[in-house]
Amino acid sequence: AENGRTPLNSEQIAEKVGPAIVGIISSIESTVPFFGTTVQQGSGSGIIINQEGYIVTNNHVVSGAESLTITFNDGSAAPATIKGTDSSVDLAVVAVALSDVEDSTMDAIKVATLGDSDQAQVGESSVVIGNALGYGQSVTTGVISALSREVQLEDESGNTVTSTLMQTDAAVNPGNSGGALLNMKGEVIGIVSAKYSDTKVEGMGYAIPISTAKD
């Protein structure tokens, strides 16, 4: 047992935490010569963090979006609004009005349990849940490969930002951004950011530690 609780397996974690993970579709309208107005869509993931409909995700998932649609694990959808963003740590909070969510969906979804990323250890098992490639929810498994990795990236203003991230070898793909890195108790210990992952490198996914994200 770990802290008095028996660790779960990945199947149990998927069942427990899947209802707390959402897909996020962002839409941006643009005018193209000869073609008129086109709508460009992007996809990402988010984590339900309270019963008031607040969802945490990556800033780059929602940046520049003119509209956002949240898709829940039961297949239903609802519009969302941005409540706050921080491009320096690639985090954003969006919210869904509870009046836009069907009663049956309210019964199907859950609020994620946030863990303590400071207690994470290299080599411990981990699970990633997110909306990989925009195809719907997927689950990958691995271990925590490294802690306190300093990764440099350009933010949306073109400034170079150094972020201290957790590294996992669980597969991370576009669309996983904003999804959950979980420990084997089913607690969120990191918010996945596929933006930091290099397509030339396999087995190196990064997540923003939940201790950083909470602030």
# chains A, B, ... in the order shown; residues from 1 in each chain; ligands from 1

call {"tool": "residues_around", "arguments": {"residues": "Pro209 in chain A", "least_positions_apart": "5", "cutoff": "9 Å", "atoms": "only C-alpha atoms", "output": "mmCIF file with all heavy atoms, in the first residue's frame"}}
result
data_model
loop_
_atom_site.group_PDB
_atom_site.id
_atom_site.type_symbol
_atom_site.label_atom_id
_atom_site.label_comp_id
_atom_site.auth_asym_id
_atom_site.auth_seq_id
_atom_site.Cartn_x
_atom_site.Cartn_y
_atom_site.Cartn_z
ATOM 1 N N ASP A 116 0.271 15.744 -5.296
ATOM 2 C CA ASP A 116 1.429 16.537 -4.885
ATOM 3 C C ASP A 116 2.607 16.149 -5.767
ATOM 4 O O ASP A 116 3.235 15.111 -5.552
ATOM 5 C CB ASP A 116 1.738 16.279 -3.404
ATOM 6 C CG ASP A 116 2.884 17.142 -2.893
ATOM 7 O OD1 ASP A 116 3.475 17.894 -3.692
ATOM 8 O OD2 ASP A 116 3.196 17.053 -1.692
ATOM 9 N N SER A 117 2.913 16.996 -6.748
ATOM 10 C CA SER A 117 3.997 16.664 -7.675
ATOM 11 C C SER A 117 5.358 16.689 -6.982
ATOM 12 O O SER A 117 6.319 16.085 -7.461
ATOM 13 C CB SER A 117 3.992 17.621 -8.872
ATOM 14 O OG SER A 117 4.019 18.971 -8.442
ATOM 15 N N ASP A 118 5.450 17.375 -5.844
ATOM 16 C CA ASP A 118 6.720 17.414 -5.121
ATOM 17 C C ASP A 118 7.064 16.050 -4.522
ATOM 18 O O ASP A 118 8.216 15.802 -4.165
ATOM 19 C CB ASP A 118 6.669 18.459 -3.996
ATOM 20 C CG ASP A 118 6.553 19.880 -4.543
ATOM 21 O OD1 ASP A 118 7.001 20.108 -5.683
ATOM 22 O OD2 ASP A 118 6.007 20.752 -3.838
ATOM 23 N N SER A 148 12.195 18.136 -12.609
ATOM 24 C CA SER A 148 12.898 19.428 -12.668
ATOM 25 C C SER A 148 13.741 19.574 -13.936
ATOM 26 O O SER A 148 14.880 20.057 -13.897
ATOM 27 C CB SER A 148 13.788 19.619 -11.426
ATOM 28 O OG SER A 148 13.009 19.545 -10.254
ATOM 29 N N THR A 164 10.368 24.681 -15.757
ATOM 30 C CA THR A 164 10.834 23.495 -15.046
ATOM 31 C C THR A 164 9.711 22.470 -15.067
ATOM 32 O O THR A 164 8.648 22.683 -14.483
ATOM 33 C CB THR A 164 11.220 23.847 -13.602
ATOM 34 O OG1 THR A 164 12.224 24.863 -13.630
ATOM 35 C CG2 THR A 164 11.778 22.622 -12.880
ATOM 36 N N LEU A 165 9.941 21.362 -15.781
ATOM 37 C CA LEU A 165 8.882 20.414 -16.094
ATOM 38 C C LEU A 165 9.220 19.003 -15.610
ATOM 39 O O LEU A 165 10.374 18.687 -15.316
ATOM 40 C CB LEU A 165 8.648 20.379 -17.609
ATOM 41 C CG LEU A 165 8.350 21.722 -18.271
ATOM 42 C CD1 LEU A 165 8.358 21.576 -19.779
ATOM 43 C CD2 LEU A 165 7.037 22.299 -17.786
ATOM 44 N N MET A 166 8.172 18.180 -15.552
ATOM 45 C CA MET A 166 8.350 16.751 -15.302
ATOM 46 C C MET A 166 8.424 16.044 -16.653
ATOM 47 O O MET A 166 7.763 16.466 -17.610
ATOM 48 C CB MET A 166 7.165 16.207 -14.503
ATOM 49 C CG MET A 166 6.920 16.931 -13.201
ATOM 50 S SD MET A 166 5.375 16.412 -12.410
ATOM 51 C CE MET A 166 5.861 14.816 -11.775
ATOM 52 N N LEU A 181 -1.257 14.193 -16.367
ATOM 53 C CA LEU A 181 -0.242 13.218 -15.978
ATOM 54 C C LEU A 181 -0.621 12.771 -14.577
ATOM 55 O O LEU A 181 -0.757 13.594 -13.663
ATOM 56 C CB LEU A 181 1.152 13.846 -15.983
ATOM 57 C CG LEU A 181 2.293 12.951 -15.464
ATOM 58 C CD1 LEU A 181 2.525 11.760 -16.390
ATOM 59 C CD2 LEU A 181 3.573 13.749 -15.290
ATOM 60 N N ILE A 189 -0.745 14.892 -11.153
ATOM 61 C CA ILE A 189 0.511 15.463 -10.671
ATOM 62 C C ILE A 189 1.150 16.380 -11.715
ATOM 63 O O ILE A 189 2.129 17.068 -11.425
ATOM 64 C CB ILE A 189 1.515 14.378 -10.231
ATOM 65 C CG1 ILE A 189 1.763 13.355 -11.349
ATOM 66 C CG2 ILE A 189 1.019 13.693 -8.965
ATOM 67 C CD1 ILE A 189 2.900 12.392 -11.039
ATOM 68 N N GLY A 190 0.580 16.415 -12.924
ATOM 69 C CA GLY A 190 1.109 17.304 -13.947
ATOM 70 C C GLY A 190 0.086 17.557 -15.040
ATOM 71 O O GLY A 190 -0.839 16.769 -15.239
ATOM 72 N N ILE A 191 0.248 18.695 -15.718
ATOM 73 C CA ILE A 191 -0.601 19.050 -16.856
ATOM 74 C C ILE A 191 0.260 18.931 -18.105
ATOM 75 O O ILE A 191 1.259 19.648 -18.259
ATOM 76 C CB ILE A 191 -1.178 20.465 -16.693
ATOM 77 C CG1 ILE A 191 -2.061 20.508 -15.433
ATOM 78 C CG2 ILE A 191 -1.985 20.867 -17.930
ATOM 79 C CD1 ILE A 191 -2.449 21.895 -15.010
ATOM 80 N N VAL A 192 -0.107 18.005 -18.959
ATOM 81 C CA VAL A 192 0.700 17.672 -20.130
ATOM 82 C C VAL A 192 0.764 18.857 -21.086
ATOM 83 O O VAL A 192 -0.217 19.557 -21.310
ATOM 84 C CB VAL A 192 0.098 16.442 -20.845
ATOM 85 C CG1 VAL A 192 0.848 16.152 -22.145
ATOM 86 C CG2 VAL A 192 0.116 15.229 -19.929
ATOM 87 N N LYS A 214 -0.944 25.048 -9.588
ATOM 88 C CA LYS A 214 -1.870 25.483 -8.549
ATOM 89 C C LYS A 214 -1.757 26.980 -8.286
ATOM 90 O O LYS A 214 -2.756 27.661 -8.088
ATOM 91 C CB LYS A 214 -1.619 24.711 -7.253
ATOM 92 C CG LYS A 214 -2.247 23.329 -7.219
ATOM 93 C CD LYS A 214 -1.934 22.627 -5.904
ATOM 94 C CE LYS A 214 -2.548 21.231 -5.861
ATOM 95 N NZ LYS A 214 -2.155 20.514 -4.625
#

call {"tool": "select_by_dssp", "arguments": {"residues": "range 86-132 of chain A", "states": "strand (DSSP E)", "output": "list in words"}}
result
Asp86, Leu91, Ala92, Val93, Val94, Ala95, Ser125, Ser126, Val127, Val128, Ile129 and Gly130 of chain A

call {"tool": "closest_residue", "arguments": {"among": "A:Gly158, A:Gly142, A:Gly44, A:Gly115", "to": "Thr71 in chain A", "atoms": "only C-alpha atoms"}}
result
A:Gly44

call {"tool": "closest_residue", "arguments": {"among": "A:Ser157, A:Thr105, A:Gln152, A:Asn73", "to": "Gln137 in chain A", "atoms": "only C-alpha atoms"}}
result
A:Asn73

call {"tool": "closest_residue", "arguments": {"among": "A:Gly42, A:Ile49, A:Ser10, A:Ala207", "to": "Thr113 in chain A", "atoms": "only C-alpha atoms"}}
result
A:Ile49

call {"tool": "atom_distance", "arguments": {"atom1": "CA of Gly178 in chain A", "atom2": "CA of Asp103 in chain A"}}
result
25.2 Å

call {"tool": "closest_atom_pairs", "arguments": {"of": "range 42-94 of chain A", "to": "range 20-35 of chain A", "cutoff": "10 Å", "atoms": "only C-alpha atoms", "output": "tab-separated table"}}
result
residue	atom	partner	partner_atom	distance
A:Gly42	CA	A:Ser26	CA	5.1
A:Ser43	CA	A:Ile25	CA	4.6
A:Gly44	CA	A:Ile24	CA	5.0
A:Ser45	CA	A:Gly23	CA	4.5
A:Gly46	CA	A:Val22	CA	5.1
A:Ile47	CA	A:Ile21	CA	4.8
A:Ile48	CA	A:Ala20	CA	5.2
A:Ile49	CA	A:Ala20	CA	8.0
A:Asn50	CA	A:Ala20	CA	9.8
A:Ile55	CA	A:Val22	CA	8.5
A:Val56	CA	A:Ile21	CA	9.9
A:Thr57	CA	A:Ile24	CA	8.7
A:Val61	CA	A:Ser26	CA	7.3
A:Val62	CA	A:Ser26	CA	6.2
A:Ser63	CA	A:Ser26	CA	8.7
A:Gly64	CA	A:Ile28	CA	7.1
A:Ala65	CA	A:Ile28	CA	5.3
A:Glu66	CA	A:Ile28	CA	5.4
A:Ser67	CA	A:Ser27	CA	5.3
A:Leu68	CA	A:Ser26	CA	4.7
A:Thr69	CA	A:Ile25	CA	5.1
A:Ile70	CA	A:Ile24	CA	4.8
A:Thr71	CA	A:Gly23	CA	4.9
A:Phe72	CA	A:Val22	CA	5.0
A:Asn73	CA	A:Val22	CA	6.4
A:Asp74	CA	A:Val22	CA	9.7
A:Gly75	CA	A:Gly23	CA	9.7
A:Ala77	CA	A:Gly23	CA	9.1
A:Ala78	CA	A:Ile24	CA	9.9
A:Pro79	CA	A:Ile25	CA	9.5
A:Ala80	CA	A:Ile24	CA	9.0
A:Val94	CA	A:Ile24	CA	9.9

call {"tool": "residues_around", "arguments": {"residues": "Ala14 in chain A", "least_positions_apart": "6", "cutoff": "9 Å", "atoms": "only C-alpha atoms", "output": "CSV table (one decimal) with N, CA, C and O atoms, in the first residue's frame"}}
result
chain,number,residue,atom,x,y,z
A,127,VAL,N,0.5,7.6,-15.7
A,127,VAL,CA,-0.6,7.4,-16.8
A,127,VAL,C,-0.9,8.8,-17.4
A,127,VAL,O,-1.0,9.8,-16.6
A,129,ILE,N,-3.7,10.8,-19.7
A,129,ILE,CA,-5.0,10.8,-20.3
A,129,ILE,C,-5.3,12.1,-21.0
A,129,ILE,O,-5.1,13.2,-20.4
A,138,SER,N,-7.8,9.1,-25.0
A,138,SER,CA,-6.9,8.0,-25.0
A,138,SER,C,-6.0,7.9,-23.8
A,138,SER,O,-5.9,8.9,-23.1
A,139,VAL,N,-5.5,6.7,-23.5
A,139,VAL,CA,-4.7,6.5,-22.3
A,139,VAL,C,-3.4,5.9,-22.7
A,139,VAL,O,-3.3,4.9,-23.4
A,186,GLY,N,-4.3,7.8,-9.1
A,186,GLY,CA,-5.3,8.5,-9.9
A,186,GLY,C,-5.3,10.0,-9.6
A,186,GLY,O,-6.3,10.6,-9.9

call {"tool": "atom_distance", "arguments": {"atom1": "CA of Gln167 in chain A", "atom2": "CA of Ser125 in chain A"}}
result
12.0 Å

call {"tool": "residues_around", "arguments": {"residues": "Val172 in chain A", "least_positions_apart": "3", "cutoff": "9 Å", "atoms": "only C-alpha atoms", "output": "VMD selection string"}}
result
chain A and resid 128 130 132 140 168 to 169 175 to 177 192 to 194 197 203 to 206

call {"tool": "residues_around", "arguments": {"residues": "Glu102 in chain A", "least_positions_apart": "4", "cutoff": "10 Å", "atoms": "only C-alpha atoms", "output": "list in words"}}
result
Ser76, Ala77, Ala78, Leu98, Met106, Asp107 and Ala108 of chain A

call {"tool": "write_last_selection", "arguments": {"atoms": "all heavy atoms", "output": "PDB file, in the first residue's frame"}}
result
ATOM      1  N   SER A  76     -21.182  14.577 -25.061  1.00  0.00           N
ATOM      2  CA  SER A  76     -21.914  15.841 -25.155  1.00  0.00           C
ATOM      3  C   SER A  76     -20.923  17.005 -25.214  1.00  0.00           C
ATOM      4  O   SER A  76     -19.732  16.853 -24.930  1.00  0.00           O
ATOM      5  CB  SER A  76     -22.854  16.003 -23.959  1.00  0.00           C
ATOM      6  OG  SER A  76     -22.112  16.106 -22.757  1.00  0.00           O
ATOM      7  N   ALA A  77     -21.444  18.174 -25.576  1.00  0.00           N
ATOM      8  CA  ALA A  77     -20.580  19.346 -25.753  1.00  0.00           C
ATOM      9  C   ALA A  77     -21.238  20.579 -25.163  1.00  0.00           C
ATOM     10  O   ALA A  77     -22.466  20.652 -25.028  1.00  0.00           O
ATOM     11  CB  ALA A  77     -20.276  19.557 -27.232  1.00  0.00           C
ATOM     12  N   ALA A  78     -20.417  21.574 -24.818  1.00  0.00           N
ATOM     13  CA  ALA A  78     -20.917  22.834 -24.291  1.00  0.00           C
ATOM     14  C   ALA A  78     -19.902  23.927 -24.600  1.00  0.00           C
ATOM     15  O   ALA A  78     -18.692  23.659 -24.674  1.00  0.00           O
ATOM     16  CB  ALA A  78     -21.139  22.737 -22.774  1.00  0.00           C
ATOM     17  N   LEU A  98     -22.811  25.941 -15.985  1.00  0.00           N
ATOM     18  CA  LEU A  98     -23.473  24.685 -15.612  1.00  0.00           C
ATOM     19  C   LEU A  98     -24.849  24.573 -16.256  1.00  0.00           C
ATOM     20  O   LEU A  98     -25.342  23.467 -16.501  1.00  0.00           O
ATOM     21  CB  LEU A  98     -23.589  24.575 -14.094  1.00  0.00           C
ATOM     22  CG  LEU A  98     -22.256  24.519 -13.330  1.00  0.00           C
ATOM     23  CD1 LEU A  98     -22.497  24.314 -11.839  1.00  0.00           C
ATOM     24  CD2 LEU A  98     -21.339  23.431 -13.876  1.00  0.00           C
ATOM     25  N   MET A 106     -23.862  15.867 -16.148  1.00  0.00           N
ATOM     26  CA  MET A 106     -23.413  16.196 -14.794  1.00  0.00           C
ATOM     27  C   MET A 106     -23.222  14.929 -13.967  1.00  0.00           C
ATOM     28  O   MET A 106     -22.301  14.832 -13.154  1.00  0.00           O
ATOM     29  CB  MET A 106     -24.413  17.124 -14.112  1.00  0.00           C
ATOM     30  CG  MET A 106     -24.464  18.524 -14.707  1.00  0.00           C
ATOM     31  SD  MET A 106     -22.943  19.462 -14.458  1.00  0.00           S
ATOM     32  CE  MET A 106     -23.014  19.768 -12.697  1.00  0.00           C
ATOM     33  N   ASP A 107     -24.084  13.941 -14.215  1.00  0.00           N
ATOM     34  CA  ASP A 107     -23.968  12.669 -13.502  1.00  0.00           C
ATOM     35  C   ASP A 107     -22.779  11.846 -13.994  1.00  0.00           C
ATOM     36  O   ASP A 107     -22.254  11.003 -13.257  1.00  0.00           O
ATOM     37  CB  ASP A 107     -25.254  11.847 -13.664  1.00  0.00           C
ATOM     38  CG  ASP A 107     -26.440  12.477 -12.942  1.00  0.00           C
ATOM     39  OD1 ASP A 107     -26.209  13.266 -12.013  1.00  0.00           O
ATOM     40  OD2 ASP A 107     -27.585  12.188 -13.332  1.00  0.00           O
ATOM     41  N   ALA A 108     -22.363  12.088 -15.241  1.00  0.00           N
ATOM     42  CA  ALA A 108     -21.314  11.260 -15.854  1.00  0.00           C
ATOM     43  C   ALA A 108     -19.903  11.797 -15.596  1.00  0.00           C
ATOM     44  O   ALA A 108     -18.943  11.025 -15.612  1.00  0.00           O
ATOM     45  CB  ALA A 108     -21.547  11.161 -17.367  1.00  0.00           C
TER      46      ALA A 108
END

call {"tool": "closest_residue", "arguments": {"among": "A:Gln121, A:Asn183, A:Ser88, A:Asn131", "to": "Thr162 in chain A", "atoms": "only C-alpha atoms"}}
result
A:Ser88

call {"tool": "select_by_dssp", "arguments": {"residues": "range 25-208 of chain A", "states": "alpha helix (DSSP H)", "output": "NGL selection string"}}
result
:A and (59-62 or 103-108)

call {"tool": "write_last_selection", "arguments": {"atoms": "all heavy atoms", "output": "mmCIF file, in the first residue's frame"}}
result
data_model
loop_
_atom_site.group_PDB
_atom_site.id
_atom_site.type_symbol
_atom_site.label_atom_id
_atom_site.label_comp_id
_atom_site.auth_asym_id
_atom_site.auth_seq_id
_atom_site.Cartn_x
_atom_site.Cartn_y
_atom_site.Cartn_z
ATOM 1 N N ASN A 59 -2.278 27.201 -22.158
ATOM 2 C CA ASN A 59 -2.569 28.472 -22.805
ATOM 3 C C ASN A 59 -2.568 28.327 -24.327
ATOM 4 O O ASN A 59 -3.412 28.894 -25.017
ATOM 5 C CB ASN A 59 -1.541 29.525 -22.374
ATOM 6 C CG ASN A 59 -1.741 30.844 -23.095
ATOM 7 O OD1 ASN A 59 -2.765 31.497 -22.937
ATOM 8 N ND2 ASN A 59 -0.773 31.228 -23.908
ATOM 9 N N HIS A 60 -1.610 27.550 -24.868
ATOM 10 C CA HIS A 60 -1.514 27.481 -26.332
ATOM 11 C C HIS A 60 -2.704 26.747 -26.965
ATOM 12 O O HIS A 60 -2.936 26.871 -28.162
ATOM 13 C CB HIS A 60 -0.181 26.863 -26.774
ATOM 14 C CG HIS A 60 -0.084 25.379 -26.652
ATOM 15 N ND1 HIS A 60 0.517 24.744 -25.591
ATOM 16 C CD2 HIS A 60 -0.513 24.385 -27.475
ATOM 17 C CE1 HIS A 60 0.472 23.441 -25.780
ATOM 18 N NE2 HIS A 60 -0.159 23.189 -26.917
ATOM 19 N N VAL A 61 -3.462 26.004 -26.155
ATOM 20 C CA VAL A 61 -4.663 25.339 -26.672
ATOM 21 C C VAL A 61 -5.767 26.361 -26.970
ATOM 22 O O VAL A 61 -6.533 26.205 -27.921
ATOM 23 C CB VAL A 61 -5.162 24.274 -25.668
ATOM 24 C CG1 VAL A 61 -6.549 23.747 -26.049
ATOM 25 C CG2 VAL A 61 -4.177 23.110 -25.595
ATOM 26 N N VAL A 62 -5.834 27.415 -26.148
ATOM 27 C CA VAL A 62 -6.949 28.367 -26.268
ATOM 28 C C VAL A 62 -6.527 29.724 -26.802
ATOM 29 O O VAL A 62 -7.381 30.557 -27.126
ATOM 30 C CB VAL A 62 -7.649 28.557 -24.905
ATOM 31 C CG1 VAL A 62 -8.180 27.225 -24.395
ATOM 32 C CG2 VAL A 62 -6.725 29.178 -23.863
ATOM 33 N N ASP A 103 -28.224 17.367 -17.394
ATOM 34 C CA ASP A 103 -28.200 16.657 -16.110
ATOM 35 C C ASP A 103 -27.503 15.308 -16.226
ATOM 36 O O ASP A 103 -26.762 14.888 -15.334
ATOM 37 C CB ASP A 103 -29.626 16.453 -15.574
ATOM 38 C CG ASP A 103 -30.254 17.762 -15.101
ATOM 39 O OD1 ASP A 103 -29.497 18.735 -14.909
ATOM 40 O OD2 ASP A 103 -31.479 17.792 -14.924
ATOM 41 N N SER A 104 -27.740 14.622 -17.342
ATOM 42 C CA SER A 104 -27.127 13.304 -17.528
ATOM 43 C C SER A 104 -25.600 13.423 -17.625
ATOM 44 O O SER A 104 -24.872 12.550 -17.158
ATOM 45 C CB SER A 104 -27.678 12.634 -18.790
ATOM 46 O OG SER A 104 -27.435 13.440 -19.930
ATOM 47 N N THR A 105 -25.128 14.516 -18.210
ATOM 48 C CA THR A 105 -23.686 14.745 -18.296
ATOM 49 C C THR A 105 -23.121 15.080 -16.926
ATOM 50 O O THR A 105 -22.029 14.600 -16.556
ATOM 51 C CB THR A 105 -23.380 15.884 -19.289
ATOM 52 O OG1 THR A 105 -23.849 15.504 -20.582
ATOM 53 C CG2 THR A 105 -21.888 16.173 -19.360
ATOM 54 N N MET A 106 -23.862 15.867 -16.148
ATOM 55 C CA MET A 106 -23.413 16.196 -14.794
ATOM 56 C C MET A 106 -23.222 14.929 -13.967
ATOM 57 O O MET A 106 -22.301 14.832 -13.154
ATOM 58 C CB MET A 106 -24.413 17.124 -14.112
ATOM 59 C CG MET A 106 -24.464 18.524 -14.707
ATOM 60 S SD MET A 106 -22.943 19.462 -14.458
ATOM 61 C CE MET A 106 -23.014 19.768 -12.697
ATOM 62 N N ASP A 107 -24.084 13.941 -14.215
ATOM 63 C CA ASP A 107 -23.968 12.669 -13.502
ATOM 64 C C ASP A 107 -22.779 11.846 -13.994
ATOM 65 O O ASP A 107 -22.254 11.003 -13.257
ATOM 66 C CB ASP A 107 -25.254 11.847 -13.664
ATOM 67 C CG ASP A 107 -26.440 12.477 -12.942
ATOM 68 O OD1 ASP A 107 -26.209 13.266 -12.013
ATOM 69 O OD2 ASP A 107 -27.585 12.188 -13.332
ATOM 70 N N ALA A 108 -22.363 12.088 -15.241
ATOM 71 C CA ALA A 108 -21.314 11.260 -15.854
ATOM 72 C C ALA A 108 -19.903 11.797 -15.596
ATOM 73 O O ALA A 108 -18.943 11.025 -15.612
ATOM 74 C CB ALA A 108 -21.547 11.161 -17.367
#

call {"tool": "closest_residue", "arguments": {"among": "A:Gln119, A:Tyr135, A:Asp86, A:Ala92", "to": "Pro174 in chain A", "atoms": "only C-alpha atoms"}}
result
A:Tyr135

call {"tool": "atom_distance", "arguments": {"atom1": "CA of Thr85 in chain A", "atom2": "CA of Lys16 in chain A"}}
result
27.8 Å

call {"tool": "decode", "arguments": {"residues": "range 143-171 of chain A", "atoms": "N, CA and C atoms", "output": "CSV table (one decimal), in the first residue's frame"}}
result
chain,number,residue,atom,x,y,z
A,143,VAL,N,6.5,5.8,-17.1
A,143,VAL,CA,7.1,6.1,-15.8
A,143,VAL,C,7.4,7.6,-15.8
A,144,ILE,N,7.7,8.1,-14.6
A,144,ILE,CA,8.3,9.4,-14.5
A,144,ILE,C,9.8,9.3,-14.8
A,145,SER,N,10.2,9.9,-15.9
A,145,SER,CA,11.5,9.7,-16.4
A,145,SER,C,12.5,10.7,-15.7
A,146,ALA,N,12.1,11.9,-15.4
A,146,ALA,CA,12.9,12.9,-14.8
A,146,ALA,C,12.1,14.0,-14.1
A,147,LEU,N,12.6,14.6,-13.1
A,147,LEU,CA,12.0,15.7,-12.5
A,147,LEU,C,12.8,17.0,-12.7
A,148,SER,N,12.2,18.1,-12.6
A,148,SER,CA,12.9,19.4,-12.7
A,148,SER,C,13.7,19.6,-13.9
A,149,ARG,N,13.2,19.1,-15.1
A,149,ARG,CA,13.8,19.4,-16.3
A,149,ARG,C,13.6,20.8,-16.8
A,150,GLU,N,14.7,21.5,-17.1
A,150,GLU,CA,14.6,22.9,-17.6
A,150,GLU,C,14.5,22.9,-19.1
A,151,VAL,N,13.3,23.3,-19.6
A,151,VAL,CA,13.1,23.3,-21.0
A,151,VAL,C,12.8,24.7,-21.5
A,152,GLN,N,13.5,25.1,-22.6
A,152,GLN,CA,13.3,26.5,-23.1
A,152,GLN,C,12.3,26.4,-24.3
A,153,LEU,N,11.5,27.5,-24.3
A,153,LEU,CA,10.5,27.6,-25.4
A,153,LEU,C,10.2,29.0,-25.6
A,154,GLU,N,9.7,29.3,-26.8
A,154,GLU,CA,9.2,30.7,-27.1
A,154,GLU,C,7.7,30.8,-26.7
A,155,ASP,N,7.4,31.9,-25.9
A,155,ASP,CA,6.0,32.1,-25.7
A,155,ASP,C,5.3,32.8,-26.8
A,156,GLU,N,4.0,33.1,-26.7
A,156,GLU,CA,3.3,33.7,-27.9
A,156,GLU,C,3.8,35.1,-28.2
A,157,SER,N,4.6,35.7,-27.3
A,157,SER,CA,5.1,37.0,-27.6
A,157,SER,C,6.5,36.9,-28.3
A,158,GLY,N,7.0,35.7,-28.4
A,158,GLY,CA,8.3,35.5,-29.0
A,158,GLY,C,9.4,35.6,-28.0
A,159,ASN,N,9.1,35.7,-26.7
A,159,ASN,CA,10.1,35.7,-25.6
A,159,ASN,C,10.5,34.2,-25.3
A,160,THR,N,11.8,34.0,-25.0
A,160,THR,CA,12.3,32.7,-24.6
A,160,THR,C,12.0,32.5,-23.1
A,161,VAL,N,11.3,31.5,-22.8
A,161,VAL,CA,10.9,31.2,-21.4
A,161,VAL,C,11.5,29.8,-21.0
A,162,THR,N,12.0,29.8,-19.8
A,162,THR,CA,12.5,28.5,-19.3
A,162,THR,C,11.5,28.0,-18.3
A,163,SER,N,11.0,26.8,-18.6
A,163,SER,CA,10.1,26.1,-17.7
A,163,SER,C,10.7,24.9,-17.0
A,164,THR,N,10.4,24.7,-15.8
A,164,THR,CA,10.8,23.5,-15.0
A,164,THR,C,9.7,22.5,-15.1
A,165,LEU,N,9.9,21.4,-15.8
A,165,LEU,CA,8.9,20.4,-16.1
A,165,LEU,C,9.2,19.0,-15.6
A,166,MET,N,8.2,18.2,-15.6
A,166,MET,CA,8.3,16.8,-15.3
A,166,MET,C,8.4,16.0,-16.7
A,167,GLN,N,9.2,15.0,-16.7
A,167,GLN,CA,9.4,14.2,-18.0
A,167,GLN,C,8.8,12.8,-17.8
A,168,THR,N,8.1,12.3,-18.8
A,168,THR,CA,7.5,11.0,-18.7
A,168,THR,C,7.8,10.3,-20.1
A,169,ASP,N,7.9,9.0,-20.1
A,169,ASP,CA,8.0,8.3,-21.3
A,169,ASP,C,6.7,7.8,-21.8
A,170,ALA,N,5.6,8.1,-21.1
A,170,ALA,CA,4.2,7.8,-21.6
A,170,ALA,C,4.0,8.6,-22.9
A,171,ALA,N,3.4,8.0,-23.9
A,171,ALA,CA,3.3,8.7,-25.2
A,171,ALA,C,2.5,10.0,-25.1
